[in-house]
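S.K.: Just so it is clear, I am handing over protein.cif, which has mmCIF, C-alpha atoms.
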data_my_file
#
loop_
_atom_site.label_atom_id
_atom_site.label_comp_id
_atom_site.auth_asym_id
_atom_site.auth_seq_id
_atom_site.Cartn_x
_atom_site.Cartn_y
_atom_site.Cartn_z
CA MET A 166 -31.12 18.56 141.90
CA ASN A 167 -30.62 20.56 145.06
CA HIS A 168 -28.38 23.54 144.35
CA LYS A 169 -25.95 22.55 147.12
CA GLU A 170 -25.23 19.06 145.79
CA GLY A 171 -21.49 18.69 145.29
CA LEU A 172 -20.83 22.30 146.33
CA THR A 173 -19.30 23.93 149.39
CA SER A 174 -21.60 24.57 152.30
CA GLY A 175 -21.19 24.81 156.03
CA THR A 176 -21.55 27.12 158.98
CA CYS A 177 -19.90 30.34 160.05
CA ARG A 178 -20.06 32.85 162.85
CA LEU A 179 -20.08 36.57 162.03
CA SER A 180 -19.24 39.23 164.61
CA GLY A 181 -20.99 37.71 167.60
CA GLN A 182 -23.99 36.37 165.68
CA PRO A 183 -25.32 32.87 166.37
CA GLU A 184 -24.03 30.13 164.08
CA THR A 185 -25.25 30.61 160.52
CA GLY A 186 -25.27 28.60 157.33
CA LEU A 187 -22.86 29.41 154.52
CA TYR A 188 -22.94 28.36 150.88
CA VAL A 189 -20.08 29.29 148.54
CA ALA A 190 -21.67 29.77 145.13
CA PRO A 191 -19.45 28.82 142.16
CA THR A 192 -21.66 30.56 139.59
CA LEU A 193 -24.14 33.39 139.49
CA ASP A 194 -26.99 31.01 138.66
CA ASP A 195 -26.14 28.92 141.72
CA ALA A 196 -26.12 32.04 143.90
CA VAL A 197 -29.52 33.15 142.60
CA ALA A 198 -30.98 29.66 143.15
CA ALA A 199 -29.61 29.45 146.70
CA LEU A 200 -30.94 32.87 147.67
CA ALA A 201 -34.34 32.17 146.13
CA GLU A 202 -34.57 28.84 147.94
CA ARG A 203 -33.76 30.32 151.36
CA GLY A 204 -35.94 33.40 150.94
CA ARG A 205 -35.79 36.26 153.42
CA GLU A 206 -33.53 34.42 155.86
CA ALA A 207 -30.64 34.52 153.36
CA ALA A 208 -28.29 37.28 152.24
CA PRO A 209 -25.44 37.51 149.71
CA LEU A 210 -21.93 37.76 151.17
CA ALA A 211 -19.00 39.38 149.36
CA GLY A 212 -16.62 41.80 151.08
CA ALA A 213 -18.63 41.50 154.34
CA THR A 214 -17.58 44.95 155.58
CA TRP A 215 -21.26 45.84 156.07
CA ILE A 216 -22.49 42.44 157.21
CA MET A 217 -19.83 42.16 159.92
CA ARG A 218 -21.53 45.07 161.70
CA ALA A 219 -25.06 43.73 161.24
CA PRO A 220 -25.55 43.04 164.98
CA LEU A 221 -25.08 46.74 165.71
CA ARG A 222 -28.03 47.43 163.41
CA GLN A 223 -30.13 44.66 164.99
CA GLU A 224 -29.96 42.67 161.75
CA ARG A 225 -29.61 38.91 161.54
CA HIS A 226 -29.63 36.39 158.71
CA LEU A 227 -29.59 32.62 159.18
CA PHE A 228 -27.92 31.85 155.87
CA TYR A 229 -25.29 33.52 153.71
CA VAL A 230 -24.51 32.91 150.06
CA ALA A 231 -20.89 33.81 149.33
CA ILE A 232 -20.56 35.31 145.85
CA GLY A 233 -17.01 36.67 146.03
CA GLN A 234 -15.50 33.73 144.09
CA ILE A 235 -17.63 34.31 140.99
CA ALA A 236 -15.08 35.71 138.54
CA ALA A 237 -17.62 37.46 136.32
CA LEU A 238 -18.74 39.63 139.23
CA HIS A 239 -15.24 41.13 139.53
CA ASP A 240 -15.00 42.23 135.91
CA VAL A 241 -14.43 45.91 135.11
CA SER A 242 -14.67 46.31 131.34
CA VAL A 243 -14.55 49.43 129.21
CA ASP A 244 -15.49 50.00 125.57
CA ASP A 245 -16.45 53.01 123.47
CA ARG A 246 -20.06 52.94 124.68
CA ASN A 247 -20.11 51.75 128.29
CA VAL A 248 -18.20 51.03 131.44
CA SER A 249 -19.47 47.74 132.90
CA ILE A 250 -18.63 46.88 136.51
CA GLY A 251 -19.33 43.55 138.19
CA ALA A 252 -21.08 43.79 141.55
CA CYS A 253 -18.15 42.20 143.42
CA ALA A 254 -15.54 44.60 142.07
CA THR A 255 -13.77 46.10 145.07
CA HIS A 256 -12.92 49.75 145.56
CA ALA A 257 -9.28 48.87 144.81
CA GLU A 258 -10.27 47.13 141.56
CA LEU A 259 -12.30 50.19 140.56
CA ILE A 260 -9.32 52.46 141.16
CA ARG A 261 -7.16 50.32 138.87
CA GLY A 262 -9.82 49.72 136.24
CA LEU A 263 -10.91 53.35 135.91
CA ALA A 264 -7.55 55.08 136.24
CA ALA A 265 -7.42 56.03 132.56
CA ILE A 266 -11.18 56.66 132.08
CA SER A 267 -11.47 60.42 132.38
CA ASP A 268 -15.26 60.58 131.95
CA CYS A 269 -15.69 58.36 135.06
CA ARG A 270 -13.28 60.33 137.24
CA ALA A 271 -15.95 60.92 139.90
CA LEU A 272 -16.29 57.18 140.49
CA ALA A 273 -12.54 56.62 140.60
CA LEU A 274 -12.19 59.46 143.14
CA ALA A 275 -15.05 58.06 145.21
CA ALA A 276 -13.43 54.62 145.30
CA GLY A 277 -9.99 56.05 146.11
CA ASN A 278 -11.12 58.25 148.99
CA ALA A 279 -13.69 56.03 150.71
CA ALA A 280 -12.87 54.36 154.04
CA ASN A 281 -9.21 53.31 154.30
CA PRO A 282 -6.76 51.21 152.22
CA ALA A 283 -7.57 47.96 154.03
CA ILE A 284 -11.33 48.35 153.56
CA ARG A 285 -10.87 49.36 149.92
CA GLN A 286 -9.25 45.98 149.24
CA VAL A 287 -12.41 44.07 150.20
CA ALA A 288 -15.46 46.39 150.13
CA THR A 289 -17.46 45.93 146.93
CA ILE A 290 -19.48 48.25 144.72
CA GLY A 291 -22.50 45.95 145.03
CA GLY A 292 -22.30 46.11 148.80
CA ASN A 293 -22.13 49.91 148.68
CA LEU A 294 -25.27 49.95 146.53
CA CYS A 295 -27.25 47.49 148.64
CA ALA A 296 -26.45 48.92 152.09
CA ALA A 297 -29.79 50.68 152.45
CA ASP A 298 -29.04 52.01 155.95
CA PHE A 299 -25.71 53.55 154.92
CA PRO A 300 -26.25 57.25 154.06
CA ALA A 301 -22.53 57.96 153.52
CA ALA A 302 -22.11 55.77 150.44
CA ASP A 303 -19.43 57.40 148.28
CA LEU A 304 -19.86 55.12 145.28
CA VAL A 305 -23.64 55.54 145.21
CA THR A 306 -23.31 59.32 145.17
CA ALA A 307 -20.76 59.24 142.34
CA LEU A 308 -22.81 56.77 140.32
CA LEU A 309 -25.90 58.96 140.64
CA CYS A 310 -24.11 61.88 139.01
CA LEU A 311 -22.95 59.54 136.21
CA ASP A 312 -26.53 58.37 135.48
CA ALA A 313 -25.61 54.75 136.17
CA GLU A 314 -27.92 51.82 135.52
CA ILE A 315 -28.18 48.59 137.51
CA GLU A 316 -28.51 45.14 136.02
CA LEU A 317 -30.33 42.71 138.31
CA GLN A 318 -30.36 38.96 137.94
CA GLY A 319 -33.03 36.76 139.49
CA PRO A 320 -34.85 33.48 138.98
CA GLN A 321 -36.83 35.00 136.10
CA GLY A 322 -33.79 36.42 134.29
CA ARG A 323 -32.20 39.85 134.04
CA ASP A 324 -33.61 43.33 134.38
CA ARG A 325 -31.95 46.72 133.87
CA ILE A 326 -33.13 49.77 135.79
CA SER A 327 -31.89 53.23 136.67
CA LEU A 328 -29.88 53.65 139.85
CA SER A 329 -32.44 56.13 141.17
CA HIS A 330 -35.18 53.51 140.80
CA PHE A 331 -32.98 50.83 142.36
CA LEU A 332 -32.47 52.98 145.46
CA GLU A 333 -36.25 53.22 145.82
CA ILE A 334 -36.86 49.46 145.62
CA ARG A 335 -33.66 47.87 146.96
CA THR A 336 -35.17 46.94 150.33
CA SER A 337 -38.11 45.17 148.68
CA LEU A 338 -36.30 43.09 146.04
CA ALA A 339 -37.67 39.56 145.73
CA PRO A 340 -35.53 36.75 147.19
CA GLY A 341 -32.95 35.65 144.66
CA GLN A 342 -32.58 39.01 142.94
CA LEU A 343 -28.95 40.06 142.88
CA VAL A 344 -27.11 43.08 141.54
CA ARG A 345 -25.11 41.60 138.67
CA ARG A 346 -23.39 44.66 137.28
CA ILE A 347 -23.42 48.44 137.06
CA ILE A 348 -23.40 50.16 133.67
CA VAL A 349 -22.21 53.72 133.07
CA ALA A 350 -22.65 55.12 129.56
CA ARG A 351 -19.55 56.83 128.16
CA ALA A 352 -19.94 60.55 127.46
CA GLN A 353 -17.96 63.70 126.72
CA ARG A 354 -18.18 64.91 130.31
CA ARG A 355 -16.05 65.98 133.23
CA SER A 356 -16.84 64.68 136.66
CA VAL A 357 -15.56 65.08 140.19
CA HIS A 358 -16.28 63.76 143.67
CA VAL A 359 -15.58 65.66 146.89
CA ARG A 360 -16.29 64.86 150.53
CA LEU A 361 -15.83 66.33 153.99
CA PRO A 362 -14.71 63.89 156.71
CA LEU A 363 -14.23 64.97 160.31
CA ARG A 364 -10.74 63.51 160.19
CA LYS A 365 -8.68 62.08 157.36
CA ALA A 366 -8.35 58.47 158.54
CA GLY A 367 -11.37 56.57 157.28
CA ASP A 368 -14.18 58.58 158.87
CA TYR A 369 -17.66 58.54 157.41
CA PRO A 370 -17.98 61.86 155.60
CA VAL A 371 -20.18 64.64 156.97
CA ALA A 372 -21.24 65.48 153.41
CA ILE A 373 -20.51 64.21 149.89
CA PHE A 374 -20.96 65.98 146.57
CA SER A 375 -20.51 64.56 143.07
CA LEU A 376 -20.85 66.57 139.88
CA ALA A 377 -20.66 65.79 136.17
CA VAL A 378 -20.89 68.43 133.46
CA THR A 379 -20.84 68.64 129.69
CA LEU A 380 -19.35 71.82 128.24
CA ASN A 381 -19.64 73.52 124.88
CA GLU A 382 -16.65 74.88 122.98
CA SER A 383 -16.74 78.19 124.86
CA GLY A 384 -16.80 76.52 128.27
CA GLY A 385 -20.51 76.93 128.97
CA VAL A 386 -22.39 74.15 130.76
CA VAL A 387 -24.86 72.39 128.47
CA GLY A 388 -25.56 69.47 130.78
CA ALA A 389 -25.12 68.89 134.52
CA SER A 390 -25.75 66.04 136.95
CA ALA A 391 -25.24 66.68 140.67
CA ALA A 392 -25.66 64.29 143.59
CA VAL A 393 -25.52 64.69 147.37
CA GLY A 394 -24.60 61.98 149.86
CA SER A 395 -24.41 61.62 153.64
CA VAL A 396 -26.56 64.72 154.16
CA GLU A 397 -29.92 62.95 154.03
CA PRO A 398 -30.68 59.29 154.84
CA THR A 399 -30.20 58.28 151.18
CA PRO A 400 -27.93 59.80 148.51
CA ARG A 401 -29.90 61.63 145.83
CA ARG A 402 -29.69 63.87 142.77
CA TRP A 403 -29.76 67.62 143.34
CA HIS A 404 -31.88 68.69 140.36
CA GLU A 405 -32.40 72.28 141.54
CA LEU A 406 -28.66 72.94 141.46
CA GLU A 407 -28.26 71.19 138.11
CA ALA A 408 -30.75 73.60 136.53
CA GLU A 409 -28.83 76.59 137.90
CA LEU A 410 -25.56 75.41 136.36
CA VAL A 411 -26.84 74.81 132.83
CA GLY A 412 -26.45 77.77 130.50
CA HIS A 413 -23.59 79.37 132.42
CA PRO A 414 -19.81 79.03 132.49
CA LEU A 415 -18.22 77.07 135.33
CA ASP A 416 -18.02 79.62 138.14
CA PRO A 417 -17.19 78.29 141.63
CA ILE A 418 -18.49 81.39 143.45
CA ARG A 419 -21.77 81.50 141.56
CA ALA A 420 -22.27 77.74 141.99
CA ALA A 421 -21.70 78.01 145.74
CA GLU A 422 -24.24 80.85 145.96
CA LYS A 423 -26.84 78.78 144.10
CA ALA A 424 -26.07 75.79 146.34
CA ARG A 425 -26.62 77.94 149.40
CA HIS A 426 -29.96 79.13 148.04
CA HIS A 427 -31.20 75.62 147.25
CA SER A 428 -29.85 74.03 150.43
CA ALA A 429 -33.08 75.01 152.17
CA ALA A 430 -34.81 72.11 150.41
CA LEU A 431 -32.44 69.55 151.97
CA ARG A 432 -33.29 67.87 155.27
CA GLY A 433 -30.01 67.11 157.00
CA ARG A 434 -29.89 64.00 159.16
CA ASP A 435 -28.71 64.12 162.74
CA ALA A 436 -26.11 61.51 163.77
CA VAL A 437 -23.37 61.13 166.35
CA GLU A 438 -20.67 62.50 164.04
CA ALA A 439 -22.55 65.67 162.98
CA PRO A 440 -25.96 67.37 163.27
CA GLY A 441 -28.14 67.78 160.22
CA TRP A 442 -27.85 71.56 160.03
CA TYR A 443 -24.06 71.29 159.82
CA ARG A 444 -24.19 68.77 156.97
CA VAL A 445 -26.35 71.15 154.95
CA SER A 446 -24.26 74.21 155.81
CA VAL A 447 -21.00 72.75 154.42
CA LEU A 448 -22.46 71.85 151.04
CA PRO A 449 -21.82 75.23 149.34
CA SER A 450 -18.11 74.96 150.11
CA LEU A 451 -18.04 71.44 148.64
CA VAL A 452 -19.85 72.69 145.54
CA ARG A 453 -17.33 75.52 145.15
CA LYS A 454 -14.44 73.02 145.48
CA ALA A 455 -15.99 70.66 142.92
CA VAL A 456 -16.66 73.35 140.32
CA HIS A 457 -13.17 74.76 140.75
CA ALA A 458 -11.72 71.29 140.13
CA LEU A 459 -13.79 70.88 136.95
CA ARG A 460 -12.84 74.30 135.61
CA GLU A 461 -9.08 73.82 135.85
CA PRO A 462 -8.65 71.47 132.84
CA HIS A 463 -10.62 73.90 130.62
CA GLU A 464 -8.41 76.81 131.66
CA ARG A 465 -5.29 74.90 130.70
#
Let me see the structure of the file written as structure tokens.
M.R.:
Amino acid sequence: MNHKEGLTSGTCRLSGQPETGLYVAPTLDDAVAALAERGREAAPLAGATWIMRAPLRQERHLFYVAIGQIAALHDVSVDDRNVSIGACATHAELIRGLAAISDCRALALAAGNAANPAIRQVATIGGNLCAADFPAADLVTALLCLDAEIELQGPQGRDRISLSHFLEIRTSLAPGQLVRRIIVARAQRRSVHVRLPLRKAGDYPVAIFSLAVTLNESGGVVGASAAVGSVEPTPRRWHELEAELVGHPLDPIRAAEKARHHSAALRGRDAVEAPGWYRVSVLPSLVRKAVHALREPHER
């Protein structure tokens, strides 16, 4: 049976694009089948905040598979072992779902500070992950520091990979492969997310920094995960800084000095809102701010 039999399909027009086909998938299996059938000409559609600007990036798809009505993709569930987030969970749903989850504070902060309130109501975590040409992805940067994993679903079933690996292969996923959910393992950690916008009202940030640490009883760092966003074309872990933090107490001044030393390895991207050298130069101040924020609960 054709996957569209008895289901909603039609045409739509997105931000000046020529008329395109639209299929509203009632289930995840239907969405996967529709995307696999249409191949490279199709794309999933959820919040559409990225797709609406596709013409500016010279991108065009002839068919869209709407997945926003699939209830399971909006689920944000928490247990003692994991936080599981459906790919269509919006920034606003993340803020509500993670409000009381202290070990995922970086992700809640990233969701609460990204874009503006209107965008946060519709923009999804899956869209943030899959927007390969979007360097200033707050959620991606926060998820990197939380060692998140991605569960993909495709015609051959499910697969679970690290977020770092997903970022490497996301532009070459086979037709029909969808991000189903994001999994963050629970841990005794503190995490924070800081960013520097040019203005306060919804600007893309010049630089983003996320940090998660595990402390021993005396306040020394026994584990650290740091991630940088918006500075280079793709958010990434900052392993050199992580190594400098482990084995020492949380010290904002020392951390900023180490960030300054290791900033030479970063290749800042030039864009209309800021030159690359400036993005790199502000990172030590963001690191100092992040470490200061993580130290405060321990001092109380």
S.K.: Got a sec to check which residues sit within 12 Å of (-10.7, 58.9, 133.7), counting only C-alpha atoms, and write them as a count of residues only?
M.R.: 25
S.K.: Quick one, how far is atom CA of A:Leu317 from atom CA of A:Val189?
M.R.: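 Atom CA of A:Leu317 sits 19.7 Å away from atom CA of A:Val189.
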S.K.: Of the candidates A:Arg419, A:Arg285, A:His226, A:His239, which one gets nearest to A:Val456 if we count all atoms listed in the file?
M.R.: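 The shortest atom-to-atom distance to A:Val456 comes from A:Arg419.
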S.K.: Hey, which of A:Ala237, A:Ala302, A:Ala439, A:Leu431 ends up closest to A:Leu363? Count all atoms listed in the file.
M.R.: A:Ala439
S.K.: Quick one: which residues end up in the PyMOL selection byres ((chain A and resi 391-407) around 7) for this structure, as a ChimeraX atom specification?
M.R.: /A:300-302,305-306,309-310,370-377,389-390,408-411,423-424,427,432-434,441,444-445
S.K.: Applied to the shown file, which residues does the PyMOL selection byres ((chain A and resi 198) around 12) return, written as JSON, numbers by chain?
M.R.: {"A": [166, 167, 168, 169, 188, 190, 191, 192, 193, 194, 195, 196, 197, 199, 200, 201, 202, 203, 204, 207, 209, 230, 318, 319, 320, 321, 322, 340, 341, 342, 343]}
S.K.: If you keep C-alpha atoms, can you produce a file of those selected residues as a PDB file, keeping the file's coordinate frame?
M.R.:
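The file below, result_20.pdb, is the result:
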ATOM      1  CA  MET A 166     -31.120  18.560 141.900  1.00  0.00           C
ATOM      2  CA  ASN A 167     -30.620  20.560 145.060  1.00  0.00           C
ATOM      3  CA  HIS A 168     -28.380  23.540 144.350  1.00  0.00           C
ATOM      4  CA  LYS A 169     -25.950  22.550 147.120  1.00  0.00           C
ATOM      5  CA  TYR A 188     -22.940  28.360 150.880  1.00  0.00           C
ATOM      6  CA  ALA A 190     -21.670  29.770 145.130  1.00  0.00           C
ATOM      7  CA  PRO A 191     -19.450  28.820 142.160  1.00  0.00           C
ATOM      8  CA  THR A 192     -21.660  30.560 139.590  1.00  0.00           C
ATOM      9  CA  LEU A 193     -24.140  33.390 139.490  1.00  0.00           C
ATOM     10  CA  ASP A 194     -26.990  31.010 138.660  1.00  0.00           C
ATOM     11  CA  ASP A 195     -26.140  28.920 141.720  1.00  0.00           C
ATOM     12  CA  ALA A 196     -26.120  32.040 143.900  1.00  0.00           C
ATOM     13  CA  VAL A 197     -29.520  33.150 142.600  1.00  0.00           C
ATOM     14  CA  ALA A 199     -29.610  29.450 146.700  1.00  0.00           C
ATOM     15  CA  LEU A 200     -30.940  32.870 147.670  1.00  0.00           C
ATOM     16  CA  ALA A 201     -34.340  32.170 146.130  1.00  0.00           C
ATOM     17  CA  GLU A 202     -34.570  28.840 147.940  1.00  0.00           C
ATOM     18  CA  ARG A 203     -33.760  30.320 151.360  1.00  0.00           C
ATOM     19  CA  GLY A 204     -35.940  33.400 150.940  1.00  0.00           C
ATOM     20  CA  ALA A 207     -30.640  34.520 153.360  1.00  0.00           C
ATOM     21  CA  PRO A 209     -25.440  37.510 149.710  1.00  0.00           C
ATOM     22  CA  VAL A 230     -24.510  32.910 150.060  1.00  0.00           C
ATOM     23  CA  GLN A 318     -30.360  38.960 137.940  1.00  0.00           C
ATOM     24  CA  GLY A 319     -33.030  36.760 139.490  1.00  0.00           C
ATOM     25  CA  PRO A 320     -34.850  33.480 138.980  1.00  0.00           C
ATOM     26  CA  GLN A 321     -36.830  35.000 136.100  1.00  0.00           C
ATOM     27  CA  GLY A 322     -33.790  36.420 134.290  1.00  0.00           C
ATOM     28  CA  PRO A 340     -35.530  36.750 147.190  1.00  0.00           C
ATOM     29  CA  GLY A 341     -32.950  35.650 144.660  1.00  0.00           C
ATOM     30  CA  GLN A 342     -32.580  39.010 142.940  1.00  0.00           C
ATOM     31  CA  LEU A 343     -28.950  40.060 142.880  1.00  0.00           C
TER      32      LEU A 343
END
S.K.: What does the distance from atom CA of A:Leu227 to atom CA of A:Arg325 come to in Å, to one decimal?
M.R.: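 Spanning atom CA of A:Leu227 to atom CA of A:Arg325 is a straight-line distance of 29.1 Å.
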S.K.: Nearest to A:Ser428: which of A:Phe331, A:Leu415, A:Trp442, A:Ser242 is it, counting all atoms listed in the file?
M.R.: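 Checking each of A:Phe331, A:Leu415, A:Trp442, A:Ser242 against A:Ser428, counting all atoms listed in the file, the winner is A:Trp442.
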